[in-house]
Each structure stands twice: as structure tokens, then as C-alpha cells.
$ cat entry32.cif   # mmCIF, C-alpha atoms
data_structure
#
loop_
_atom_site.label_atom_id
_atom_site.label_comp_id
_atom_site.auth_asym_id
_atom_site.auth_seq_id
_atom_site.Cartn_x
_atom_site.Cartn_y
_atom_site.Cartn_z
CA MET A 73 -115.05 110.82 48.08
CA ALA A 74 -113.60 107.37 47.50
CA SER A 75 -114.61 106.27 50.98
CA ASP A 76 -118.16 107.55 50.37
CA ASN A 77 -118.31 105.45 47.21
CA LEU A 78 -116.85 102.49 49.06
CA LEU A 79 -119.44 102.78 51.81
CA SER A 80 -122.34 103.23 49.41
CA GLY A 81 -121.09 100.28 47.36
CA LEU A 82 -120.89 98.04 50.40
CA LEU A 83 -124.27 99.18 51.71
CA ALA A 84 -125.83 98.51 48.32
CA GLY A 85 -124.52 94.97 48.54
CA ASP A 86 -122.38 95.58 45.47
CA THR A 87 -120.18 92.65 44.53
CA ASP A 88 -118.34 94.39 41.72
CA PRO A 89 -114.79 94.87 42.99
CA ALA A 90 -114.23 98.11 41.04
CA ALA A 91 -117.43 99.63 42.50
CA ILE A 92 -116.49 98.47 46.00
CA SER A 93 -113.04 99.99 45.54
CA GLY A 94 -114.57 103.39 44.84
CA PHE A 95 -114.96 103.60 41.07
CA HIS A 96 -118.37 105.20 40.64
CA ASP A 97 -118.26 104.81 36.86
CA HIS A 98 -116.22 102.00 35.45
CA PRO A 99 -116.07 99.68 32.43
CA PRO A 100 -117.18 96.04 32.69
CA ARG A 101 -114.95 93.80 34.81
CA MET A 102 -112.34 92.21 32.56
CA GLY A 103 -110.69 88.85 33.08
CA PHE A 104 -109.27 85.64 31.70
CA PHE A 105 -110.94 82.33 30.95
CA THR A 106 -108.24 79.70 30.48
CA ASP A 107 -109.66 76.62 28.78
CA THR A 108 -107.00 74.00 29.52
CA SER A 109 -108.71 71.43 27.29
CA VAL A 110 -107.30 73.20 24.22
CA CYS A 111 -103.90 74.17 25.65
CA ILE A 112 -101.10 72.61 23.60
CA GLY A 113 -98.29 73.62 25.97
CA CYS A 114 -96.54 75.85 23.43
CA LYS A 115 -95.62 78.40 26.14
CA ALA A 116 -96.24 81.30 23.78
CA CYS A 117 -98.09 82.94 26.69
CA GLU A 118 -95.02 82.71 28.92
CA VAL A 119 -92.82 84.22 26.24
CA ALA A 120 -95.28 86.96 25.27
CA CYS A 121 -95.73 87.93 28.92
CA LYS A 122 -92.00 88.13 29.48
CA GLU A 123 -91.40 90.13 26.33
CA TRP A 124 -94.20 92.63 26.82
CA ASN A 125 -93.58 93.20 30.51
CA ASN A 126 -89.79 93.09 30.25
CA ILE A 127 -89.56 90.38 32.92
CA PRO A 128 -86.05 89.14 33.66
CA GLU A 129 -84.91 85.57 33.22
CA ASP A 130 -86.25 83.20 35.88
CA GLY A 131 -83.41 80.71 35.79
CA LEU A 132 -82.34 78.23 33.15
CA ASN A 133 -83.05 75.11 35.16
CA PHE A 134 -83.78 71.54 34.24
CA THR A 135 -86.47 70.42 36.64
CA GLY A 136 -87.07 66.97 35.21
CA MET A 137 -90.81 67.57 35.47
CA SER A 138 -92.03 66.70 31.99
CA TYR A 139 -91.58 69.75 29.71
CA ASP A 140 -91.96 72.20 32.57
CA ASN A 141 -88.71 73.89 33.45
CA THR A 142 -90.38 77.01 34.82
CA GLY A 143 -91.70 75.27 37.91
CA GLY A 144 -94.39 77.71 38.99
CA LEU A 145 -95.51 81.31 39.16
CA GLY A 146 -93.12 83.76 40.75
CA ALA A 147 -91.78 87.30 40.69
CA ASP A 148 -90.22 86.65 37.29
CA THR A 149 -92.85 84.24 35.95
CA TRP A 150 -96.30 85.77 35.57
CA ARG A 151 -97.62 83.03 33.30
CA HIS A 152 -96.68 79.41 33.91
CA VAL A 153 -97.58 76.46 31.72
CA ALA A 154 -97.88 73.33 33.84
CA PHE A 155 -97.35 69.90 32.27
CA ILE A 156 -98.94 66.97 34.06
CA GLU A 157 -98.37 63.47 32.74
CA GLN A 158 -101.03 60.90 33.55
CA ARG A 159 -101.49 57.24 32.72
CA LYS A 160 -104.99 57.87 31.52
CA PRO A 161 -106.53 58.05 28.05
CA ILE A 162 -108.32 61.20 26.98
CA ALA A 163 -111.96 60.66 26.07
CA GLY A 164 -112.37 59.98 22.37
CA GLN A 165 -108.64 59.96 21.73
CA ILE A 166 -106.61 56.91 20.74
CA ALA A 167 -104.00 57.15 23.43
CA GLY A 168 -100.76 55.25 23.68
CA VAL A 169 -97.05 55.74 23.44
CA HIS A 170 -95.70 53.24 20.94
CA HIS A 171 -92.24 54.02 19.72
CA GLY A 172 -91.27 50.48 18.71
CA ASP A 173 -91.29 51.24 15.01
CA VAL A 174 -88.70 53.98 15.35
CA GLY A 175 -86.28 51.95 17.41
CA ALA A 176 -86.97 53.72 20.72
CA PRO A 177 -87.39 51.56 23.83
CA GLU A 178 -91.02 50.72 24.44
CA VAL A 179 -92.35 51.96 27.75
CA ASP A 180 -95.45 50.04 28.61
CA GLU A 181 -96.66 50.44 32.14
CA GLY A 182 -100.39 50.29 32.67
CA GLY A 183 -101.23 49.78 29.04
CA GLY A 184 -99.05 52.59 27.68
CA ASP A 185 -101.81 55.15 27.91
CA LEU A 186 -100.56 58.63 28.47
CA ARG A 187 -102.22 61.97 28.55
CA TRP A 188 -100.71 65.34 29.11
CA LEU A 189 -102.64 67.93 31.01
CA MET A 190 -101.38 71.37 30.17
CA ALA A 191 -102.58 74.52 31.84
CA SER A 192 -101.40 78.10 31.74
CA ASP A 193 -101.59 79.43 35.28
CA VAL A 194 -101.73 83.11 36.19
CA CYS A 195 -102.71 85.53 38.97
CA LYS A 196 -106.39 85.01 39.71
CA HIS A 197 -107.25 88.70 40.25
CA CYS A 198 -109.52 87.67 43.13
CA THR A 199 -112.74 89.50 43.92
CA ASN A 200 -111.66 89.54 47.56
CA ALA A 201 -107.92 89.99 47.18
CA ALA A 202 -106.00 89.47 50.42
CA CYS A 203 -102.76 90.80 48.89
CA LEU A 204 -104.52 94.11 48.36
CA ASP A 205 -106.03 94.07 51.87
CA VAL A 206 -102.68 93.69 53.62
CA CYS A 207 -100.59 96.07 51.48
CA PRO A 208 -99.56 98.94 53.79
CA THR A 209 -98.35 101.31 51.07
CA GLY A 210 -101.18 101.13 48.55
CA SER A 211 -98.78 99.67 46.04
CA LEU A 212 -101.33 96.97 45.30
CA PHE A 213 -104.50 98.51 44.00
CA ARG A 214 -107.76 97.60 42.29
CA THR A 215 -108.11 98.99 38.79
CA GLU A 216 -111.26 100.26 37.10
CA PHE A 217 -111.32 96.94 35.20
CA GLY A 218 -111.59 95.04 38.49
CA THR A 219 -108.06 93.67 38.24
CA VAL A 220 -105.33 93.79 40.90
CA VAL A 221 -102.08 95.51 40.01
CA VAL A 222 -98.79 96.22 41.81
CA GLN A 223 -97.17 99.63 41.37
CA GLU A 224 -93.57 98.63 41.70
CA ASP A 225 -92.35 102.18 42.32
CA ILE A 226 -94.42 102.37 45.53
CA CYS A 227 -93.79 98.84 46.83
CA ASN A 228 -91.50 98.97 49.88
CA GLY A 229 -90.77 95.25 49.85
CA CYS A 230 -92.45 94.49 53.21
CA GLY A 231 -93.59 91.15 51.80
CA TYR A 232 -96.95 91.02 53.64
CA CYS A 233 -98.74 90.19 50.39
CA ILE A 234 -96.67 87.04 49.81
CA PRO A 235 -98.22 84.82 52.53
CA ALA A 236 -101.57 86.58 52.09
CA CYS A 237 -102.16 85.16 48.60
CA PRO A 238 -104.15 81.91 48.90
CA TYR A 239 -102.74 80.74 45.56
CA GLY A 240 -99.07 81.49 46.21
CA VAL A 241 -98.93 83.73 43.14
CA ILE A 242 -97.33 87.01 44.20
CA ASP A 243 -93.63 86.85 44.92
CA GLN A 244 -90.63 89.02 45.80
CA ARG A 245 -87.67 89.51 43.54
CA LYS A 246 -84.51 88.42 45.31
CA ASP A 247 -82.39 91.32 44.06
CA ASP A 248 -84.69 94.20 45.02
CA GLY A 249 -87.21 92.67 47.45
CA ARG A 250 -90.23 94.18 45.75
CA ALA A 251 -93.37 92.20 44.94
CA TRP A 252 -94.28 91.39 41.34
CA LYS A 253 -97.13 89.62 39.60
CA CYS A 254 -99.40 89.66 36.55
CA THR A 255 -101.01 93.04 35.89
CA LEU A 256 -103.42 91.61 33.32
CA CYS A 257 -101.45 93.96 31.04
CA TYR A 258 -103.01 97.08 32.55
CA ASP A 259 -101.10 99.23 30.05
CA ARG A 260 -102.49 97.34 27.07
CA LEU A 261 -106.04 97.46 28.44
CA GLY A 262 -105.75 101.24 28.60
CA VAL A 263 -105.68 101.41 24.80
CA GLY A 264 -108.21 98.66 24.23
CA MET A 265 -105.75 95.86 23.54
CA GLU A 266 -105.93 92.41 25.07
CA PRO A 267 -103.19 91.10 27.38
CA ALA A 268 -100.07 89.81 25.64
CA CYS A 269 -100.61 86.18 26.70
CA ALA A 270 -104.14 86.05 25.31
CA LYS A 271 -102.95 87.72 22.12
CA ALA A 272 -100.19 85.15 21.67
CA CYS A 273 -102.24 82.03 22.48
CA PRO A 274 -102.60 80.14 19.17
CA THR A 275 -105.51 77.94 20.28
CA ASP A 276 -107.49 80.56 22.21
CA SER A 277 -106.97 78.54 25.36
CA ILE A 278 -106.48 81.92 27.04
CA GLN A 279 -109.52 84.05 26.40
CA PHE A 280 -109.82 87.65 27.49
CA GLY A 281 -112.95 89.74 27.81
CA PRO A 282 -115.73 90.98 30.08
CA LEU A 283 -115.95 88.51 32.95
CA ASP A 284 -119.69 87.94 32.75
CA GLU A 285 -119.42 87.05 29.06
CA LEU A 286 -116.49 84.73 29.77
CA ARG A 287 -118.49 82.96 32.48
CA GLU A 288 -121.33 82.32 30.03
CA ARG A 289 -118.90 81.06 27.41
CA ALA A 290 -117.20 78.79 29.95
CA ALA A 291 -120.52 77.28 31.08
CA GLN A 292 -121.38 76.52 27.45
CA ARG A 293 -117.98 74.96 26.83
CA LEU A 294 -118.33 72.82 29.96
CA ASP A 295 -121.72 71.58 28.80
CA ASN A 296 -120.29 70.68 25.39
CA LEU A 297 -117.34 68.80 26.88
CA GLN A 298 -119.49 66.86 29.32
CA ALA A 299 -121.92 65.99 26.54
CA ALA A 300 -118.94 64.69 24.57
CA GLY A 301 -118.04 62.36 27.43
CA VAL A 302 -115.36 64.37 29.24
CA SER A 303 -117.01 63.86 32.60
CA ASP A 304 -114.03 65.10 34.63
CA ALA A 305 -114.20 68.57 33.06
CA ARG A 306 -114.96 71.28 35.60
CA LEU A 307 -114.69 75.02 36.08
CA TYR A 308 -112.36 76.45 38.70
CA GLY A 309 -112.56 79.95 40.15
CA HIS A 310 -115.77 80.89 38.33
CA ASP A 311 -118.07 80.84 41.35
CA PRO A 312 -118.68 84.24 42.99
CA ASN A 313 -119.65 82.37 46.16
CA ASP A 314 -116.32 80.63 46.67
CA GLY A 315 -113.77 81.53 49.34
CA VAL A 316 -112.31 84.45 47.40
CA GLY A 317 -115.57 85.75 45.95
CA GLY A 318 -114.74 84.31 42.54
CA ASP A 319 -111.67 84.88 40.42
CA GLY A 320 -111.11 87.39 37.66
CA ALA A 321 -109.03 84.68 36.00
CA PHE A 322 -110.76 81.31 36.04
CA PHE A 323 -110.13 77.96 34.41
CA LEU A 324 -111.67 74.94 32.78
CA LEU A 325 -109.80 71.92 34.14
CA LEU A 326 -109.86 68.26 33.12
CA ASP A 327 -109.09 66.89 36.58
CA GLU A 328 -109.06 67.86 40.25
CA PRO A 329 -107.49 71.28 40.93
CA GLU A 330 -104.83 69.63 43.12
CA VAL A 331 -103.55 67.78 40.04
CA TYR A 332 -102.68 71.15 38.52
CA GLY A 333 -101.17 72.44 41.78
CA LEU A 334 -104.17 74.64 42.52
CA PRO A 335 -105.77 74.80 45.99
CA PRO A 336 -109.12 72.98 45.94
CA ASP A 337 -110.90 75.44 48.21
CA PRO A 338 -109.05 78.77 48.37
CA VAL A 339 -110.12 81.20 51.05
CA VAL A 340 -109.20 84.87 51.30
CA THR A 341 -106.62 84.89 54.07
CA THR A 342 -107.95 88.12 55.56
CA ARG A 343 -111.41 86.60 56.01
CA ASP A 344 -111.02 86.20 59.78
CA LEU A 345 -109.36 89.56 60.41
CA PRO A 346 -112.54 91.44 61.46
CA SER A 347 -113.44 88.66 63.88
CA MET A 348 -109.86 88.58 65.22
CA TRP A 349 -109.86 92.32 65.80
CA ARG A 350 -113.25 92.06 67.54
CA HIS A 351 -111.78 89.43 69.87
CA VAL A 352 -108.70 91.59 70.48
CA GLY A 353 -110.97 94.55 71.27
CA ALA A 354 -113.08 92.48 73.64
CA ALA A 355 -109.97 91.15 75.39
CA ALA A 356 -108.51 94.67 75.71
CA ALA A 357 -111.79 96.02 77.08
CA THR A 358 -112.03 93.17 79.61
CA LEU A 359 -108.45 93.80 80.68
CA ALA A 360 -109.12 97.51 81.06
CA VAL A 361 -112.26 96.88 83.12
CA GLY A 362 -110.34 94.41 85.30
CA LEU A 363 -107.51 96.88 85.87
CA ILE A 364 -109.92 99.67 86.74
CA ALA A 365 -111.80 97.37 89.14
CA ALA A 366 -108.59 96.19 90.76
CA PHE A 367 -107.30 99.77 91.06
CA ALA A 368 -110.60 101.05 92.49
CA GLY A 369 -110.84 98.09 94.91
CA GLY A 370 -107.25 98.60 96.04
CA ARG A 371 -107.85 102.25 96.86
CA ARG A 372 -111.02 101.46 98.86
CA SER A 373 -109.23 98.89 101.06
CA MET B 242 -113.52 105.93 33.50
CA PRO B 243 -116.71 105.67 31.42
CA THR B 244 -119.17 102.83 31.62
CA ARG B 245 -120.35 100.79 28.66
CA GLU B 246 -123.63 102.71 28.71
CA GLN B 247 -121.85 106.07 28.49
CA VAL B 248 -119.84 104.99 25.45
CA GLN B 249 -122.88 103.38 23.86
CA ARG B 250 -124.94 106.55 24.30
CA LEU B 251 -122.40 108.57 22.31
CA LEU B 252 -122.25 105.91 19.61
CA ASP B 253 -126.04 105.92 19.41
CA ASP B 254 -125.84 109.69 18.90
CA GLY B 255 -123.92 108.99 15.73
CA LEU B 256 -120.36 109.56 16.95
CA GLY B 257 -117.51 107.29 15.89
CA TYR B 258 -115.12 105.71 18.38
CA ASP B 259 -112.56 108.49 17.81
CA ASP B 260 -115.00 111.28 18.63
CA ALA B 261 -116.66 109.40 21.47
CA ALA B 262 -113.26 108.65 22.99
CA ARG B 263 -112.18 112.29 22.64
CA ARG B 264 -115.28 113.44 24.50
CA LEU B 265 -114.76 110.87 27.24
CA GLY B 266 -111.03 111.54 27.52
CA ILE B 267 -109.97 107.98 26.77
CA HIS B 268 -108.16 106.15 23.97
CA PRO B 269 -110.38 105.21 20.99
CA GLY B 270 -109.31 101.58 21.35
CA LEU B 271 -110.46 101.56 24.94
CA ALA B 272 -113.79 103.07 23.91
CA GLN B 273 -114.22 100.19 21.52
CA LEU B 274 -113.19 97.61 24.13
CA ILE B 275 -115.66 99.04 26.64
CA ALA B 276 -118.50 99.19 24.12
CA THR B 277 -118.03 95.80 22.49
CA GLY B 278 -115.97 93.76 24.96
CA VAL B 279 -113.74 92.86 22.03
CA PRO B 280 -110.09 94.02 22.02
CA VAL B 281 -109.14 96.26 19.12
CA GLU B 282 -106.78 93.68 17.63
CA ARG B 283 -109.56 91.09 17.43
CA VAL B 284 -111.89 93.17 15.30
CA PRO B 285 -112.01 91.42 11.90
CA ALA B 286 -110.19 93.24 9.12
CA PRO B 287 -112.17 94.09 5.98
CA VAL B 288 -112.09 91.16 3.55
CA GLN B 289 -110.28 92.36 0.43
CA GLU B 290 -111.67 89.56 -1.75
CA ALA B 291 -115.13 90.99 -1.31
CA ASP B 292 -114.13 94.05 -3.35
CA GLU B 293 -115.06 93.65 -7.05
CA GLY B 294 -111.91 95.48 -8.21
CA THR B 295 -109.74 93.14 -6.15
CA LEU B 296 -111.53 90.09 -7.49
CA ALA B 297 -111.01 91.30 -11.09
CA TRP B 298 -107.32 91.84 -10.37
CA ILE B 299 -107.00 88.34 -8.89
CA ARG B 300 -108.73 86.80 -11.94
CA GLU B 301 -106.45 88.71 -14.32
CA ARG B 302 -103.35 87.73 -12.34
CA ALA B 303 -104.38 84.07 -12.20
CA ALA B 304 -105.02 83.99 -15.97
CA ALA B 305 -101.63 85.60 -16.63
CA ASP B 306 -99.93 83.07 -14.39
CA LEU B 307 -101.58 80.20 -16.23
CA ALA B 308 -100.50 81.58 -19.61
CA ARG B 309 -96.92 82.09 -18.38
CA GLN B 310 -96.76 78.58 -16.95
CA THR B 311 -97.99 77.11 -20.26
CA ARG B 312 -95.40 79.12 -22.22
CA THR B 313 -92.62 77.96 -19.91
CA ARG B 314 -93.70 74.34 -20.18
CA VAL B 315 -93.79 74.47 -23.99
CA SER B 316 -90.41 76.18 -24.34
CA SER B 317 -88.68 73.82 -21.91
CA SER B 318 -90.03 70.76 -23.71
CA LYS B 319 -88.77 72.19 -27.05
CA GLN B 320 -85.30 72.77 -25.54
CA ALA B 321 -85.24 69.26 -24.15
CA LYS B 322 -85.96 67.84 -27.61
CA LYS B 323 -83.21 69.98 -29.26
CA LYS B 324 -80.43 69.17 -26.74
CA PRO B 325 -78.98 65.64 -26.88
CA SER B 326 -78.04 64.12 -23.52
CA SER B 327 -74.53 65.15 -22.40
CA GLY B 328 -74.15 62.03 -20.32
CA ASP B 329 -74.78 62.37 -16.60
CA GLY B 330 -73.54 65.92 -16.43
CA VAL B 331 -69.96 64.99 -17.34
CA ILE B 332 -68.40 67.75 -19.44
CA GLY B 333 -65.80 66.96 -21.99
#

$ encode --input "entry32.cif" --output "C-alpha cells"
Amino acid sequence: MASDNLLSGLLAGDTDPAAISGFHDHPPRMGFFTDTSVCIGCKACEVACKEWNNIPEDGLNFTGMSYDNTGGLGADTWRHVAFIEQRKPIAGQIAGVHHGDVGAPEVDEGGGDLRWLMASDVCKHCTNAACLDVCPTGSLFRTEFGTVVVQEDICNGCGYCIPACPYGVIDQRKDDGRAWKCTLCYDRLGVGMEPACAKACPTDSIQFGPLDELRERAAQRLDNLQAAGVSDARLYGHDPNDGVGGDGAFFLLLDEPEVYGLPPDPVVTTRDLPSMWRHVGAAAATLAVGLIAAFAGGRRS
Amino acid sequence: MPTREQVQRLLDDGLGYDDAARRLGIHPGLAQLIATGVPVERVPAPVQEADEGTLAWIRERAAADLARQTRTRVSSSKQAKKKPSSGDGVIG
């Protein structure tokens, strides 16, 4: 039944991941739009995620990287607020770090301009999710909301999904070996509630809702920012024609994706698998034909 | 899992979210999320100030507060006039 739906979905050229995965009837695809231009780096999203999902401590480390002591996404960090310090003024803002009047040493390199880029990173819930493709147990699955979720009680800890993720999001816990990542609060969605991070975000930098509505909202916000002179503003992960078929969690960034530690051109790592298997098949067939020919020729002589 | 159209059809038939959700076998909150795209916690709460009874109560309470504050101010100024200064709080 599911395979029939899958086939009909693919034949119909359906790009909705839930439909492709076999959900004949399903709600609109849900996702995140993270507008980093209004992120204040409060980390309420990190805390809310940890509390709601009962995620263990991810280490009490001092990284020395601005106010970021989390480092990056991992098995025990499903939301990560990145802090990037730049010697660059923000458009329309009077920038500058001048602490002379409070007795602090004045740091003045390059005019003293400083801007902080803050961005709350998360699993992208890709349209073409390689982690899901390579999972041998079905632990990773596509939900009716179009999101990608790990069922930890089925995960056997093989770790195939870890290198498959083009964003380096999914990760194994050291103590039990199983893979963990953001579920887009699948349990909360089931009763109509928004994910904990979006609920906790005080500036609405993290917005949750139907993906098509979020894409419209993001395009409008981008237009407004560019009209206001923020020419570096751009959307990331919104394009259904990118290497992963578009993300279920996309971003508005104020600089190049690399600045935020995001890959500039992510590609689903299983993209070349069909072609690879075709080549393997062709090579095996050629070998078989060669062996048969050699065997037949040998018997004749 | 129902589509937005399926939920909407039941709502158009005059059912509330509770009844529509019961028929579809889902949580009422999810029915609302599917139909509106808005999570249940984000739906604006009814504004109490819009209720005439509440507004009357607020006006009454504000007037009472003003009267009490005036009484307190008058009585404290009378006490201040009656009591001579004891000299920087030193007793004796």
C-alpha cells in the first residue's frame, strides 16, 4: 500500500516529501523559518529544547568563541546558537565598542566597529534526506508533517546516517551509540502545539508554521531588509531546487552561509547512489559475459 | 492523518474543532493547527477589557484606589505636622 502510494507520488512528479513517503492524506508540510536578523542570542531555544526533550548535558566547556560554549549541533544539542563577531557595522546602527568612560581598556582595531551575528541552527529536515535514505532499520522516518524523526528505540547505532548528513547535524551519543537529532517536537505537533524552541523564542526569530506560508513570509522579510539597505541579507535553504530539494528548516542570514558554519551548496549525499549502482551492475554484467565467453572458448579449444 | 481540506469541510458543516477532531480521530489542537496553520498556543486569548462588566469593575477599582491614596496622603501629612522631629532617629 505504502509502496503503491510512493510509486504514484513519484510518477505524479510530487515534490511533497510526506506524499512521496506514502502518506496519501496528510496535513501541510510544517517547518521552521529562522530569521537571524532578529536573533538576540538569548539561547532560550537551546534551553527550551533541552528541557522539553530531556536532552542530557552536552559538556560544560569554555570554548573561547565569543558567547558560544555549545560549539555546534550534536547528539545532545539539537538547537545551537552561533555567535559570530565581525568588525563590520550593521546597516543603520551606530556601531562601536567604546568602554573608555567605564574604565575598561579601549579596544580599537579597524575603527572599533563590531557586529554580532547570531543564528540558531537546527536540523534542516531536508526534502531529500540522505540520513533517512541510508538508515537500514527504519529508525529514521518521514512524518506526515514532512519532517524527519529518529525513533531511538529502533536505532541500532550503525552510524550510517552520521556521514550521510550534508550539514553534519545528526550525531551519535557516546554512551549508547544511538543517533539523535531534532524531531521538530513531533510529540508537540501531534496536539497542535508549536516546537519548544519556537515557543520560547522571545523575538520570533524562530518561526514555525506551514512551510509554504513561511517561505512567503521570508521572501517579504528579505525584500523589507534589502529595501532598508541590508544588502547582504539572503535566504538559505528555502529553494526547492537546491541540492537537497529545499529544507524544512530554512534561514534568513546576514552574510555568507560559510560565516555561520553552514555549507554554501549542500547536496544530498545519496544523490549519486543510483548512478553508482548502475555502474556496478554494468561492471558485474560485463564481468559475467567475459567469464562466460572465456569458459565457452576454453571448452571449444 | 487528515488534510487541511478535510478539516475545513467539517468546520464548514458547522462543527467545532472538538467535534471535527473526534470524527477525524485526532487531537482538537491538531485539527486547529491543520486548519489554520497556527499553533494552539498562539491563538489570541479573548481580551477581557473588551467586556463592559470588566471595564466597569476596572473603573470602580481605579476610583477606589485614587480615594484611598488621597486619604493616606492627607492622614500622613497630618501626622507629620503633629509629631515634632525626634532628631535623626536617635531615641532617648

$ resolve_selection --input "entry32.cif" --expression "the PyMOL selection byres ((chain A) within 9 of (chain B))" --output "ChimeraX atom specification"
/A:95-100,102,216,261-266,271,280-282,285

$ residues_around --input "entry32.cif" --residues "region 303-316 of chain A" --least-positions-apart "2" --cutoff "7 Å" --atoms "only C-alpha atoms" --output "PyMOL selection string"
chain A and resi 198-200+287+294+297-298+301+318-319+322-327+337-340

$ write_last_selection --input "entry32.cif" --atoms "C-alpha atoms" --output "mmCIF file, in the frame of the given file"
data_model
loop_
_atom_site.group_PDB
_atom_site.id
_atom_site.type_symbol
_atom_site.label_atom_id
_atom_site.label_comp_id
_atom_site.auth_asym_id
_atom_site.auth_seq_id
_atom_site.Cartn_x
_atom_site.Cartn_y
_atom_site.Cartn_z
ATOM 1 C CA CYS A 198 -109.520 87.670 43.130
ATOM 2 C CA THR A 199 -112.740 89.500 43.920
ATOM 3 C CA ASN A 200 -111.660 89.540 47.560
ATOM 4 C CA ARG A 287 -118.490 82.960 32.480
ATOM 5 C CA LEU A 294 -118.330 72.820 29.960
ATOM 6 C CA LEU A 297 -117.340 68.800 26.880
ATOM 7 C CA GLN A 298 -119.490 66.860 29.320
ATOM 8 C CA GLY A 301 -118.040 62.360 27.430
ATOM 9 C CA GLY A 318 -114.740 84.310 42.540
ATOM 10 C CA ASP A 319 -111.670 84.880 40.420
ATOM 11 C CA PHE A 322 -110.760 81.310 36.040
ATOM 12 C CA PHE A 323 -110.130 77.960 34.410
ATOM 13 C CA LEU A 324 -111.670 74.940 32.780
ATOM 14 C CA LEU A 325 -109.800 71.920 34.140
ATOM 15 C CA LEU A 326 -109.860 68.260 33.120
ATOM 16 C CA ASP A 327 -109.090 66.890 36.580
ATOM 17 C CA ASP A 337 -110.900 75.440 48.210
ATOM 18 C CA PRO A 338 -109.050 78.770 48.370
ATOM 19 C CA VAL A 339 -110.120 81.200 51.050
ATOM 20 C CA VAL A 340 -109.200 84.870 51.300
#

$ residues_near_point --input "entry32.cif" --point "(-92.1, 83.8, 23.6)" --cutoff "12 Å" --atoms "only C-alpha atoms" --output "ChimeraX atom specification"
/A:114-127,151,268-269,271-274

$ atom_distance --input "entry32.cif" --atom1 "CA of Thr142 (chain A)" --atom2 "CA of Arg101 (chain A)"
29.8 Å

$ atom_distance --input "entry32.cif" --atom1 "CA of Ala290 (chain A)" --atom2 "CA of Asp107 (chain A)"
7.9 Å

$ residues_around --input "entry32.cif" --residues "Ala251 (chain A)" --least-positions-apart "2" --cutoff "10 Å" --atoms "all atoms listed in the file" --output "list in words"
Gly146, Ala147, Asp148, Ser211, Leu212, Val222, Gln223, Glu224, Cys227, Asn228, Gly229, Cys230, Gly231, Tyr232, Cys233, Ile234, Ile242, Asp243, Gln244, Arg245, Lys246, Asp248, Gly249 and Lys253 of chain A
